[in-house]
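Chemist: The structure under discussion is supplied below as structure tokens; questions concerning it will follow.
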Amino acid sequence: MEENKEKSIQNKVVIVTGGSRGIGAQIVKTLAKENYRLILNYNKSEQKAKKIQEELKNEGIEIEIFKADVSKREDAKSLIEFTLKKYGTIDILINNAGIAGSKLFTDITDEDWNNMININLNSAFYCTQEALKTMINNKDGLIINISSIWGLTGSSCEVAYSVAKSALNGMTKALAKELGLSNIRVNAIAPGIIDTDMNSYLTNEEIEKVKEEIPLNKIGKTDDIARCVKWLIEDEYTTGQIISINGGWYI
């Protein structure tokens, strides 16, 4: 019985938005090696997406890649339609697409603000709304939003980013309440500082200063987040939670 359950879990269809880099890429690699059926969504990083696909193919693992700017409704819809045409269903949606940016609040332009909200928040709204048409019909599904520690605490000079991630957390909690009776779980993961190119603008000295503020005295790895995603997929009783993985930086 347990063996059949494990097989059914691992055959699930998973979409990872922003899956060509950083945390998203690690999530794709981790789940693909567990035999989930993966769709890696990318927008601008086509070569990186193809490289991941090729690396996995060399290991005997097939994944699909699909270009879509999920901050636009029509592109998000095309991603969902592609998945349904390929696999006939959607079991898990991981809203990972996002950007960061540092600016004084008084210097933020309308374009900066809208871009941050569109990519970090609206993309999750569009993809989730489109995917739910299938999940609600199936009475089964899982949505995982990749948020940020700044969505919990706020960050100086990252107001727009903090607002977008805070709103994503709010959407996570509210939607979990709305979808519970449809057997659809909704959770978010709020990473602290993770070793990705999103933080490449920080100098070694700045990294060391940040580490001094973290009880575990180290920054996180993408695998720390991917393992949590894997656990949330396997779990059956967690919903509406914002899981903060930050080495104790925020307690």
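By convention here, the chains of the structure tokens are called A, B, ... in the order presented, each chain's residues are numbered starting at 1, and ligands are numbered starting at 1 in the order presented.
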So which bits of range 8-92 of chain A end up strand (DSSP E) when you DSSP the backbone, as a VMD selection string?

Modeler: chain A and resid 13 to 16 37 to 42 64 to 67 92

Chemist: Find the spatial neighbours of range 222-229 of chain A, counting only C-alpha atoms, within a cut-off of 12 Å - ignore same-chain residues fewer than 3 positions away - and output them as a ChimeraX atom specification.

Modeler: /A:14,16,19,21-34,92-96,142-148,186-198,219,232-235,238,242-247

Chemist: Export C-alpha atoms of the chosen residues as a compact mmCIF listing (two decimals), in the first residue's frame?

Modeler:
```txt
# COMPACT_ATOMS: atom_id res chain seq x y z
CA VAL A 14 4.76 19.70 -11.27
CA VAL A 16 8.05 25.31 -11.49
CA GLY A 19 12.88 27.26 -12.86
CA ARG A 21 18.09 29.65 -12.08
CA GLY A 22 18.84 29.67 -8.36
CA ILE A 23 16.22 28.18 -6.06
CA GLY A 24 13.92 27.27 -8.94
CA ALA A 25 16.64 25.31 -10.75
CA GLN A 26 17.45 23.33 -7.61
CA ILE A 27 13.77 22.55 -7.05
CA VAL A 28 13.53 21.24 -10.62
CA LYS A 29 16.63 19.06 -10.25
CA THR A 30 15.56 17.69 -6.87
CA LEU A 31 12.03 16.76 -7.94
CA ALA A 32 13.06 15.45 -11.35
CA LYS A 33 15.39 12.95 -9.67
CA GLU A 34 12.42 11.80 -7.56
CA ILE A 92 1.51 20.84 -8.10
CA LEU A 93 2.25 24.48 -8.91
CA ILE A 94 5.38 26.07 -7.51
CA ASN A 95 5.28 29.85 -7.93
CA ASN A 96 8.97 30.67 -7.82
CA LEU A 142 -0.84 21.70 -4.02
CA ILE A 143 0.39 25.26 -4.46
CA ILE A 144 3.75 26.35 -3.06
CA ASN A 145 4.70 30.02 -3.20
CA ILE A 146 8.34 30.97 -2.83
CA SER A 147 8.28 34.10 -0.70
CA SER A 148 11.07 35.77 1.30
CA VAL A 186 -1.48 26.18 -0.19
CA ASN A 187 1.81 27.00 1.55
CA ALA A 188 4.72 29.38 1.18
CA ILE A 189 8.42 29.10 1.89
CA ALA A 190 10.16 32.29 3.03
CA PRO A 191 13.92 31.86 2.56
CA GLY A 192 16.47 34.01 4.32
CA ILE A 193 19.65 34.85 2.43
CA ILE A 194 20.43 32.01 0.02
CA ASP A 195 23.57 31.50 -2.05
CA THR A 196 22.21 32.42 -5.49
CA ASP A 197 23.04 34.99 -8.16
CA MET A 198 20.18 37.11 -6.79
CA ILE A 219 23.90 31.57 4.58
CA LEU A 232 5.53 19.75 1.47
CA ILE A 233 4.63 17.57 -1.51
CA GLU A 234 4.88 14.39 0.53
CA ASP A 235 3.03 15.84 3.53
CA THR A 238 0.08 21.24 6.21
CA ILE A 242 4.67 30.41 5.77
CA ILE A 243 7.73 28.26 6.44
CA SER A 244 10.70 30.47 7.20
CA ILE A 245 14.05 28.89 6.38
CA ASN A 246 16.67 31.39 7.45
CA GLY A 247 19.19 29.88 9.87
```

Chemist: Of the residues A:Ser155, A:Thr239, A:Asn41, A:Asn58, which is the one nearest to Ala76 in chain A, using only C-alpha atoms?

Modeler: A:Asn41

Chemist: With only C-alpha atoms as the atoms that count, which of A:Ile52, A:Leu38, A:Ile207, A:Ala160 lies nearest to Glu64 in chain A?

Modeler: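 Under the stated criterion, the closest residue is A:Leu38.
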
Chemist: Nearest residue to Ser71 in chain A out of A:Phe105, A:Trp231, A:Tyr201, A:Tyr42, using only C-alpha atoms?

Modeler: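 Checking each of A:Phe105, A:Trp231, A:Tyr201, A:Tyr42 against Ser71 in chain A, counting only C-alpha atoms, the winner is A:Tyr42.
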
Chemist: Find the residues near range 81-87 of chain A: any atom within 9 Å, counting only C-alpha atoms, skip ones fewer than 6 places away on the same chain, and give them as a tab-separated table (two decimals) with C-alpha atoms, in the first residue's frame.

Modeler:
```
chain	number	residue	atom	x	y	z
A	13	VAL	CA	2.83	16.68	-12.57
A	15	ILE	CA	5.16	23.18	-12.75
A	37	ARG	CA	6.93	14.92	-14.11
A	39	ILE	CA	7.69	21.45	-16.48
A	66	PHE	CA	8.46	26.13	-21.58
A	130	GLU	CA	-5.40	29.22	-14.21
A	134	THR	CA	-8.07	21.82	-13.05
```

Chemist: Got a sec to tell me which of range 13-210 of chain A DSSP assigns to helix (DSSP H, G or I), as a compact mmCIF listing (two decimals) with C-alpha atoms, in the first residue's frame?

Modeler:
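To be explicit, this is the file written out as result_31.txt:
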```txt
# COMPACT_ATOMS: atom_id res chain seq x y z
CA GLY A 22 18.84 29.67 -8.36
CA ILE A 23 16.22 28.18 -6.06
CA GLY A 24 13.92 27.27 -8.94
CA ALA A 25 16.64 25.31 -10.75
CA GLN A 26 17.45 23.33 -7.61
CA ILE A 27 13.77 22.55 -7.05
CA VAL A 28 13.53 21.24 -10.62
CA LYS A 29 16.63 19.06 -10.25
CA THR A 30 15.56 17.69 -6.87
CA LEU A 31 12.03 16.76 -7.94
CA ALA A 32 13.06 15.45 -11.35
CA GLU A 46 16.66 29.91 -22.29
CA GLN A 47 20.23 28.61 -22.37
CA LYS A 48 20.19 27.85 -18.65
CA ALA A 49 16.86 26.05 -19.01
CA LYS A 50 18.20 23.95 -21.88
CA LYS A 51 21.36 23.19 -19.93
CA ILE A 52 19.33 21.82 -17.00
CA GLN A 53 17.22 19.78 -19.42
CA GLU A 54 20.34 18.36 -21.06
CA GLU A 55 22.04 17.59 -17.73
CA LEU A 56 19.01 15.64 -16.56
CA LYS A 57 18.67 13.88 -19.92
CA ASN A 58 22.24 12.64 -19.53
CA ARG A 73 -2.00 36.63 -17.95
CA GLU A 74 -1.88 35.20 -21.48
CA ASP A 75 1.59 33.72 -21.00
CA ALA A 76 0.56 32.15 -17.69
CA LYS A 77 -2.49 30.69 -19.41
CA SER A 78 -0.34 29.28 -22.23
CA LEU A 79 1.91 27.56 -19.65
CA ILE A 80 -1.07 25.86 -18.03
CA GLU A 81 -2.54 24.89 -21.41
CA PHE A 82 0.80 23.39 -22.49
CA THR A 83 0.94 21.31 -19.31
CA LEU A 84 -2.59 20.03 -19.71
CA LYS A 85 -1.99 19.13 -23.35
CA LYS A 86 1.21 17.27 -22.41
CA TYR A 87 0.09 15.47 -19.25
CA PHE A 105 11.73 54.29 -1.33
CA THR A 106 11.77 57.89 -2.57
CA ASP A 107 13.64 56.78 -5.72
CA ASP A 110 6.10 53.68 -11.16
CA GLU A 111 7.85 51.31 -13.55
CA ASP A 112 10.00 49.86 -10.75
CA TRP A 113 6.96 49.35 -8.53
CA ASN A 114 4.75 47.79 -11.20
CA ASN A 115 7.52 45.51 -12.42
CA MET A 116 8.19 44.24 -8.90
CA ILE A 117 4.50 43.60 -8.21
CA ASN A 118 3.88 42.00 -11.61
CA ILE A 119 6.75 39.52 -11.43
CA ASN A 120 6.67 38.66 -7.72
CA LEU A 121 2.93 38.74 -7.04
CA ASN A 122 0.79 38.91 -10.16
CA SER A 123 2.63 35.96 -11.72
CA ALA A 124 1.54 33.79 -8.78
CA PHE A 125 -2.02 35.14 -9.06
CA TYR A 126 -2.26 34.39 -12.78
CA CYS A 127 -0.67 30.93 -12.65
CA THR A 128 -2.62 29.89 -9.57
CA GLN A 129 -5.96 31.05 -10.93
CA GLU A 130 -5.40 29.22 -14.21
CA ALA A 131 -4.14 26.02 -12.52
CA LEU A 132 -7.04 25.96 -10.05
CA LYS A 133 -9.54 25.31 -12.82
CA THR A 134 -8.07 21.82 -13.05
CA MET A 135 -7.21 21.32 -9.37
CA ILE A 136 -10.69 22.21 -8.13
CA ASN A 137 -12.22 19.87 -10.68
CA ASN A 138 -9.86 17.11 -9.49
CA TRP A 150 11.47 40.28 3.76
CA GLY A 151 7.81 39.42 3.28
CA LEU A 152 7.75 38.74 7.03
CA THR A 153 10.01 41.47 8.40
CA VAL A 159 10.13 48.25 0.10
CA ALA A 160 8.56 47.21 -3.22
CA TYR A 161 9.99 43.69 -2.91
CA SER A 162 8.88 43.42 0.72
CA VAL A 163 5.36 44.55 -0.20
CA ALA A 164 5.09 42.00 -3.03
CA LYS A 165 6.29 39.11 -0.85
CA SER A 166 4.13 40.18 2.09
CA ALA A 167 1.11 40.18 -0.22
CA LEU A 168 2.10 36.74 -1.48
CA ASN A 169 2.08 35.51 2.12
CA GLY A 170 -1.39 36.97 2.60
CA MET A 171 -2.63 35.29 -0.54
CA THR A 172 -1.18 31.99 0.69
CA LYS A 173 -3.06 32.08 4.00
CA ALA A 174 -6.37 33.30 2.60
CA LEU A 175 -6.35 30.87 -0.31
CA ALA A 176 -5.56 27.93 1.98
CA LYS A 177 -8.79 28.68 3.87
CA GLU A 178 -10.77 28.99 0.65
CA LEU A 179 -9.48 25.79 -0.94
CA GLY A 180 -9.32 23.42 2.02
CA LEU A 181 -12.63 21.73 1.27
CA SER A 182 -11.41 21.07 -2.27
CA ASP A 197 23.04 34.99 -8.16
CA MET A 198 20.18 37.11 -6.79
CA ASN A 199 22.56 38.03 -3.97
CA ASN A 204 32.30 39.15 0.65
CA GLU A 205 32.55 41.65 3.50
CA GLU A 206 28.79 42.25 3.40
CA ILE A 207 28.13 38.50 3.37
CA GLU A 208 30.31 38.05 6.45
CA LYS A 209 28.43 40.81 8.26
CA VAL A 210 25.12 39.13 7.46
```

Chemist: Neighbours of Ile214 in chain A within 6 Å (only C-alpha atoms; same-chain residues fewer than 3 positions away dropped), as a list of chain:residue names?

Modeler: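 Everything that qualifies: A:Lys211, A:Asn217, A:Gly248, A:Trp249.
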
Chemist: Compare A:Ile251, A:Ser20, A:Tyr36, A:Lys67 by their minimum atom-to-atom distance to Glu213 in chain A, counting only C-alpha atoms, and give me the closest one.

Modeler: A:Ile251

Chemist: So which one's closest to Asp69 in chain A, A:Cys157, A:Ile184, A:Leu104, A:Ala97? Using only C-alpha atoms, please.

Modeler: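 Using only C-alpha atoms, Asp69 in chain A sits closest to A:Ala97.
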
Chemist: Taking only C-alpha atoms into account, which of A:Gly101, A:Ile90, A:Gly18, A:Gly60 comes nearest Ser200 in chain A?

Modeler: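 Closest residue, counting only C-alpha atoms: A:Gly101.
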
Chemist: Please compute the CA of Lys230 in chain A-CA of Gly154 in chain A distance, one decimal, in Å.

Modeler: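 So the two atoms, CA of Lys230 in chain A and CA of Gly154 in chain A, lie 27.1 Å apart.
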
Chemist: For the atom pair CA of Ile149 in chain A and CA of Lys44 in chain A, what is the interatomic distance in Å to one decimal place?

Modeler: 25.5 Å
